[in-house]
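Undergrad: The file below is run-v9.cif, mmCIF, N, CA and C atoms:
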data_target
#
loop_
_atom_site.label_atom_id
_atom_site.label_comp_id
_atom_site.auth_asym_id
_atom_site.auth_seq_id
_atom_site.Cartn_x
_atom_site.Cartn_y
_atom_site.Cartn_z
N MET A 1 -126.20 -2.68 -98.11
CA MET A 1 -126.08 -3.38 -96.84
C MET A 1 -125.90 -2.36 -95.72
N THR A 2 -126.48 -2.63 -94.59
CA THR A 2 -126.41 -1.76 -93.44
C THR A 2 -125.05 -1.88 -92.77
N LYS A 3 -124.50 -0.73 -92.36
CA LYS A 3 -123.23 -0.73 -91.65
C LYS A 3 -123.42 -1.31 -90.26
N SER A 4 -122.49 -2.14 -89.84
CA SER A 4 -122.51 -2.67 -88.49
C SER A 4 -121.40 -2.02 -87.68
N PHE A 5 -121.67 -1.78 -86.44
CA PHE A 5 -120.69 -1.21 -85.52
C PHE A 5 -119.90 -2.31 -84.81
N PHE A 6 -120.18 -3.56 -85.15
CA PHE A 6 -119.65 -4.69 -84.40
C PHE A 6 -118.79 -5.60 -85.27
N THR A 7 -117.92 -6.35 -84.61
CA THR A 7 -117.06 -7.28 -85.32
C THR A 7 -117.88 -8.41 -85.91
N PRO A 8 -117.40 -9.02 -86.99
CA PRO A 8 -118.14 -10.13 -87.60
C PRO A 8 -118.26 -11.32 -86.64
N ALA A 9 -119.22 -12.14 -86.90
CA ALA A 9 -119.42 -13.36 -86.10
C ALA A 9 -118.21 -14.26 -86.23
N PRO A 10 -117.81 -14.88 -85.13
CA PRO A 10 -116.67 -15.80 -85.21
C PRO A 10 -117.05 -17.06 -85.99
N ALA A 11 -116.06 -17.69 -86.55
CA ALA A 11 -116.28 -18.94 -87.27
C ALA A 11 -116.68 -20.03 -86.27
N GLY A 12 -117.42 -20.98 -86.75
CA GLY A 12 -117.73 -22.14 -85.93
C GLY A 12 -119.07 -22.09 -85.22
N LEU A 13 -119.83 -21.00 -85.38
CA LEU A 13 -121.15 -20.96 -84.77
C LEU A 13 -122.10 -21.86 -85.55
N ASN A 14 -122.95 -22.57 -84.84
CA ASN A 14 -123.94 -23.37 -85.55
C ASN A 14 -125.04 -22.44 -86.05
N PRO A 15 -125.91 -22.92 -86.93
CA PRO A 15 -126.93 -22.03 -87.50
C PRO A 15 -127.82 -21.33 -86.46
N GLU A 16 -128.16 -22.03 -85.41
CA GLU A 16 -128.99 -21.44 -84.35
C GLU A 16 -128.24 -20.32 -83.62
N GLN A 17 -126.98 -20.56 -83.30
CA GLN A 17 -126.16 -19.53 -82.64
C GLN A 17 -125.96 -18.33 -83.54
N LEU A 18 -125.72 -18.57 -84.83
CA LEU A 18 -125.51 -17.48 -85.77
C LEU A 18 -126.78 -16.64 -85.92
N THR A 19 -127.93 -17.29 -86.00
CA THR A 19 -129.20 -16.56 -86.10
C THR A 19 -129.43 -15.69 -84.87
N ALA A 20 -129.17 -16.24 -83.68
CA ALA A 20 -129.35 -15.47 -82.45
C ALA A 20 -128.39 -14.28 -82.41
N ARG A 21 -127.15 -14.49 -82.83
CA ARG A 21 -126.17 -13.40 -82.83
C ARG A 21 -126.57 -12.32 -83.82
N GLN A 22 -127.01 -12.73 -85.00
CA GLN A 22 -127.45 -11.76 -86.00
C GLN A 22 -128.62 -10.92 -85.50
N GLU A 23 -129.51 -11.54 -84.77
CA GLU A 23 -130.66 -10.81 -84.21
C GLU A 23 -130.19 -9.80 -83.16
N ARG A 24 -129.27 -10.21 -82.28
CA ARG A 24 -128.74 -9.27 -81.28
C ARG A 24 -128.01 -8.12 -81.97
N GLU A 25 -127.24 -8.45 -83.01
CA GLU A 25 -126.51 -7.41 -83.74
C GLU A 25 -127.47 -6.44 -84.44
N ARG A 26 -128.52 -6.96 -85.02
CA ARG A 26 -129.51 -6.11 -85.69
C ARG A 26 -130.14 -5.14 -84.70
N HIS A 27 -130.54 -5.65 -83.54
CA HIS A 27 -131.14 -4.78 -82.51
C HIS A 27 -130.14 -3.74 -82.01
N ALA A 28 -128.90 -4.15 -81.80
CA ALA A 28 -127.88 -3.22 -81.31
C ALA A 28 -127.58 -2.14 -82.35
N ASN A 29 -127.47 -2.52 -83.61
CA ASN A 29 -127.23 -1.53 -84.67
C ASN A 29 -128.40 -0.56 -84.79
N ASN A 30 -129.62 -1.06 -84.68
CA ASN A 30 -130.79 -0.17 -84.73
C ASN A 30 -130.77 0.80 -83.56
N SER A 31 -130.41 0.34 -82.38
CA SER A 31 -130.34 1.21 -81.21
C SER A 31 -129.31 2.32 -81.41
N ILE A 32 -128.16 1.96 -81.94
CA ILE A 32 -127.12 2.96 -82.18
C ILE A 32 -127.58 3.97 -83.24
N ALA A 33 -128.24 3.50 -84.28
CA ALA A 33 -128.73 4.40 -85.32
C ALA A 33 -129.72 5.41 -84.73
N ILE A 34 -130.59 4.95 -83.85
CA ILE A 34 -131.55 5.85 -83.20
C ILE A 34 -130.82 6.86 -82.33
N LEU A 35 -129.84 6.40 -81.55
CA LEU A 35 -129.06 7.31 -80.71
C LEU A 35 -128.37 8.37 -81.56
N MET A 36 -127.77 7.96 -82.67
CA MET A 36 -127.01 8.88 -83.50
C MET A 36 -127.91 9.84 -84.27
N SER A 37 -129.20 9.53 -84.40
CA SER A 37 -130.10 10.46 -85.06
C SER A 37 -130.34 11.71 -84.22
N ASN A 38 -130.04 11.61 -82.92
CA ASN A 38 -130.24 12.73 -82.01
C ASN A 38 -128.96 13.22 -81.35
N GLY A 39 -127.83 12.62 -81.66
CA GLY A 39 -126.60 13.03 -80.99
C GLY A 39 -125.41 12.26 -81.52
N PRO A 40 -124.31 12.33 -80.79
CA PRO A 40 -123.07 11.68 -81.25
C PRO A 40 -123.12 10.16 -81.09
N ALA A 41 -122.17 9.51 -81.71
CA ALA A 41 -122.04 8.06 -81.59
C ALA A 41 -121.71 7.69 -80.15
N PRO A 42 -122.07 6.49 -79.75
CA PRO A 42 -121.70 6.03 -78.41
C PRO A 42 -120.18 5.99 -78.25
N SER A 43 -119.74 6.08 -77.00
CA SER A 43 -118.30 6.03 -76.72
C SER A 43 -117.75 4.65 -77.03
N PRO A 44 -116.44 4.56 -77.19
CA PRO A 44 -115.83 3.23 -77.39
C PRO A 44 -116.14 2.27 -76.24
N GLU A 45 -116.24 2.81 -75.02
CA GLU A 45 -116.56 1.96 -73.86
C GLU A 45 -117.97 1.39 -73.99
N ALA A 46 -118.91 2.23 -74.40
CA ALA A 46 -120.29 1.76 -74.56
C ALA A 46 -120.38 0.74 -75.69
N LEU A 47 -119.66 0.99 -76.78
CA LEU A 47 -119.65 0.03 -77.88
C LEU A 47 -119.04 -1.31 -77.45
N ALA A 48 -118.03 -1.27 -76.61
CA ALA A 48 -117.41 -2.51 -76.12
C ALA A 48 -118.41 -3.32 -75.29
N ILE A 49 -119.22 -2.63 -74.50
CA ILE A 49 -120.25 -3.32 -73.72
C ILE A 49 -121.27 -3.96 -74.67
N MET A 50 -121.70 -3.19 -75.67
CA MET A 50 -122.67 -3.74 -76.62
C MET A 50 -122.08 -4.88 -77.44
N GLN A 51 -120.78 -4.82 -77.73
CA GLN A 51 -120.13 -5.93 -78.45
C GLN A 51 -120.24 -7.21 -77.63
N ARG A 52 -120.05 -7.08 -76.32
CA ARG A 52 -120.18 -8.26 -75.45
C ARG A 52 -121.59 -8.84 -75.51
N HIS A 53 -122.59 -7.96 -75.60
CA HIS A 53 -123.97 -8.43 -75.73
C HIS A 53 -124.18 -9.11 -77.09
N VAL A 54 -123.73 -8.46 -78.15
CA VAL A 54 -123.88 -9.03 -79.49
C VAL A 54 -123.22 -10.41 -79.56
N ASP A 55 -122.06 -10.55 -78.91
CA ASP A 55 -121.34 -11.83 -78.91
C ASP A 55 -121.98 -12.87 -78.00
N GLY A 56 -123.02 -12.47 -77.25
CA GLY A 56 -123.70 -13.42 -76.38
C GLY A 56 -123.04 -13.63 -75.04
N GLU A 57 -122.04 -12.80 -74.70
CA GLU A 57 -121.35 -12.94 -73.41
C GLU A 57 -122.21 -12.46 -72.25
N ILE A 58 -123.03 -11.42 -72.51
CA ILE A 58 -123.88 -10.85 -71.47
C ILE A 58 -125.28 -10.61 -72.04
N SER A 59 -126.26 -10.58 -71.16
CA SER A 59 -127.63 -10.32 -71.57
C SER A 59 -127.82 -8.82 -71.80
N ILE A 60 -128.93 -8.45 -72.40
CA ILE A 60 -129.21 -7.03 -72.60
C ILE A 60 -129.36 -6.33 -71.25
N GLU A 61 -129.93 -7.02 -70.28
CA GLU A 61 -130.07 -6.43 -68.93
C GLU A 61 -128.71 -6.14 -68.32
N GLU A 62 -127.76 -7.06 -68.50
CA GLU A 62 -126.40 -6.84 -68.00
C GLU A 62 -125.73 -5.69 -68.74
N ALA A 63 -125.95 -5.61 -70.06
CA ALA A 63 -125.38 -4.52 -70.84
C ALA A 63 -125.91 -3.17 -70.36
N ILE A 64 -127.19 -3.11 -70.08
CA ILE A 64 -127.80 -1.87 -69.58
C ILE A 64 -127.21 -1.51 -68.22
N ALA A 65 -127.09 -2.49 -67.33
CA ALA A 65 -126.54 -2.23 -65.99
C ALA A 65 -125.09 -1.75 -66.08
N LEU A 66 -124.29 -2.37 -66.95
CA LEU A 66 -122.89 -1.96 -67.10
C LEU A 66 -122.79 -0.56 -67.70
N THR A 67 -123.64 -0.27 -68.66
CA THR A 67 -123.65 1.07 -69.26
C THR A 67 -124.07 2.12 -68.25
N ASP A 68 -125.12 1.82 -67.48
CA ASP A 68 -125.56 2.74 -66.42
C ASP A 68 -124.43 3.01 -65.42
N ALA A 69 -123.74 1.96 -64.99
CA ALA A 69 -122.65 2.12 -64.03
C ALA A 69 -121.52 2.96 -64.63
N MET A 70 -121.21 2.73 -65.90
CA MET A 70 -120.16 3.50 -66.57
C MET A 70 -120.53 4.98 -66.61
N LEU A 71 -121.77 5.27 -66.99
CA LEU A 71 -122.21 6.66 -67.08
C LEU A 71 -122.30 7.33 -65.71
N LEU A 72 -122.75 6.59 -64.71
CA LEU A 72 -122.79 7.15 -63.35
C LEU A 72 -121.39 7.50 -62.87
N ALA A 73 -120.44 6.62 -63.13
CA ALA A 73 -119.06 6.88 -62.71
C ALA A 73 -118.49 8.10 -63.44
N ARG A 74 -118.87 8.25 -64.69
CA ARG A 74 -118.34 9.35 -65.50
C ARG A 74 -118.99 10.69 -65.15
N TYR A 75 -120.29 10.70 -64.90
CA TYR A 75 -121.02 11.96 -64.78
C TYR A 75 -121.56 12.26 -63.38
N ARG A 76 -121.31 11.39 -62.42
CA ARG A 76 -121.80 11.63 -61.06
C ARG A 76 -121.19 12.92 -60.53
N PRO A 77 -122.01 13.80 -59.95
CA PRO A 77 -121.45 15.02 -59.37
C PRO A 77 -120.39 14.68 -58.33
N GLY A 78 -119.28 15.38 -58.40
CA GLY A 78 -118.19 15.16 -57.45
C GLY A 78 -117.39 13.91 -57.73
N ALA A 79 -117.48 13.38 -58.94
CA ALA A 79 -116.73 12.17 -59.27
C ALA A 79 -115.23 12.42 -59.26
N GLY A 80 -114.85 13.71 -59.31
CA GLY A 80 -113.45 14.05 -59.16
C GLY A 80 -112.67 14.15 -60.44
N THR A 81 -113.28 13.78 -61.57
CA THR A 81 -112.56 13.90 -62.83
C THR A 81 -113.29 14.91 -63.70
N ALA A 82 -112.54 15.89 -64.13
CA ALA A 82 -113.13 16.90 -65.02
C ALA A 82 -113.25 16.31 -66.41
N THR A 83 -114.32 16.67 -67.09
CA THR A 83 -114.53 16.22 -68.46
C THR A 83 -115.10 17.34 -69.28
N SER A 84 -114.76 17.36 -70.54
CA SER A 84 -115.31 18.39 -71.41
C SER A 84 -116.59 17.90 -72.06
N GLU A 85 -116.96 16.64 -71.81
CA GLU A 85 -118.17 16.09 -72.40
C GLU A 85 -119.38 16.64 -71.65
N PRO A 86 -120.45 16.97 -72.39
CA PRO A 86 -121.66 17.45 -71.73
C PRO A 86 -122.33 16.33 -70.96
N ASN A 87 -123.04 16.70 -69.93
CA ASN A 87 -123.80 15.73 -69.14
C ASN A 87 -125.05 15.36 -69.91
N PRO A 88 -125.21 14.08 -70.31
CA PRO A 88 -126.36 13.70 -71.12
C PRO A 88 -127.67 13.76 -70.36
N ALA A 89 -127.64 13.85 -69.05
CA ALA A 89 -128.86 13.90 -68.25
C ALA A 89 -129.44 15.30 -68.20
N ARG A 90 -128.75 16.28 -68.71
CA ARG A 90 -129.25 17.66 -68.64
C ARG A 90 -129.88 18.08 -69.93
#
Go ahead and render the structure in this file as structure tokens.

TA:
Amino acid sequence: MTKSFFTPAPAGLNPEQLTARQERERHANNSIAILMSNGPAPSPEALAIMQRHVDGEISIEEAIALTDAMLLARYRPGAGTATSEPNPAR
């Protein structure tokens, strides 16, 4: 069985909701596996955003926008916080 980076589906989902959630989880796990083939695992913050998508709270477009905003805040020149993490844009 493939490892999942996400919490199990909550009880009480109907079959249609469970199928949709499983599909989102499959896509999210595949995306993380591709990312990790070339670098480190996503941050806990990025995983939390993806968990919200897997749970159906936000769309993939919203997850992308939130992740972009998080990364811009973290790596924007002059953001004012020093970090030892490399800039992924370089």

Undergrad: Using only N, CA and C atoms, find the one residue out of A:Ala33, A:Leu72, A:Ile60, A:Val54 that sits nearest to Arg21 (chain A).

TA: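 Nearest candidate to Arg21 (chain A) out of A:Ala33, A:Leu72, A:Ile60, A:Val54: A:Val54.
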
Undergrad: Work out how far apart CA of His27 (chain A) and CA of Arg76 (chain A) are and give it in Å to one decimal.

TA: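 Rounded to one decimal, the two atoms are 28.6 Å apart.
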
Undergrad: Could you jot down the atom C of Ser43 (chain A) to CA of Gly78 (chain A) separation for me, Å, one decimal place?

TA: 22.2 Å

Undergrad: In Å, how far is it from atom C of Pro8 (chain A) to atom C of Asn38 (chain A)?

TA: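 About the pair atom C of Pro8 (chain A) and atom C of Asn38 (chain A): they are 27.3 Å apart.
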
Undergrad: Identify all residues satisfying the PyMOL selection byres ((chain A and resi 3-7) around 8) in the given file; provide them as a PyMOL selection string.

TA: chain A and resi 1-2+8-10+25+28-29+47+50-51+54

Undergrad: Got a sec: who's within 10 Å of Met70 (chain A), counting only C-alpha atoms, leaving out chain neighbours fewer than 6 positions off, as a CSV table (one decimal) with N, CA and C atoms, keeping the file's coordinate frame?

TA:
chain,number,residue,atom,x,y,z
A,45,GLU,N,-116.2,2.8,-75.0
A,45,GLU,CA,-116.6,2.0,-73.9
A,45,GLU,C,-118.0,1.4,-74.0
A,46,ALA,N,-118.9,2.2,-74.4
A,46,ALA,CA,-120.3,1.8,-74.6
A,46,ALA,C,-120.4,0.7,-75.7
A,49,ILE,N,-119.2,-2.6,-74.5
A,49,ILE,CA,-120.2,-3.3,-73.7
A,49,ILE,C,-121.3,-4.0,-74.7
A,64,ILE,N,-127.2,-3.1,-70.1
A,64,ILE,CA,-127.8,-1.9,-69.6
A,64,ILE,C,-127.2,-1.5,-68.2
A,76,ARG,N,-121.3,11.4,-62.4
A,76,ARG,CA,-121.8,11.6,-61.1
A,76,ARG,C,-121.2,12.9,-60.5
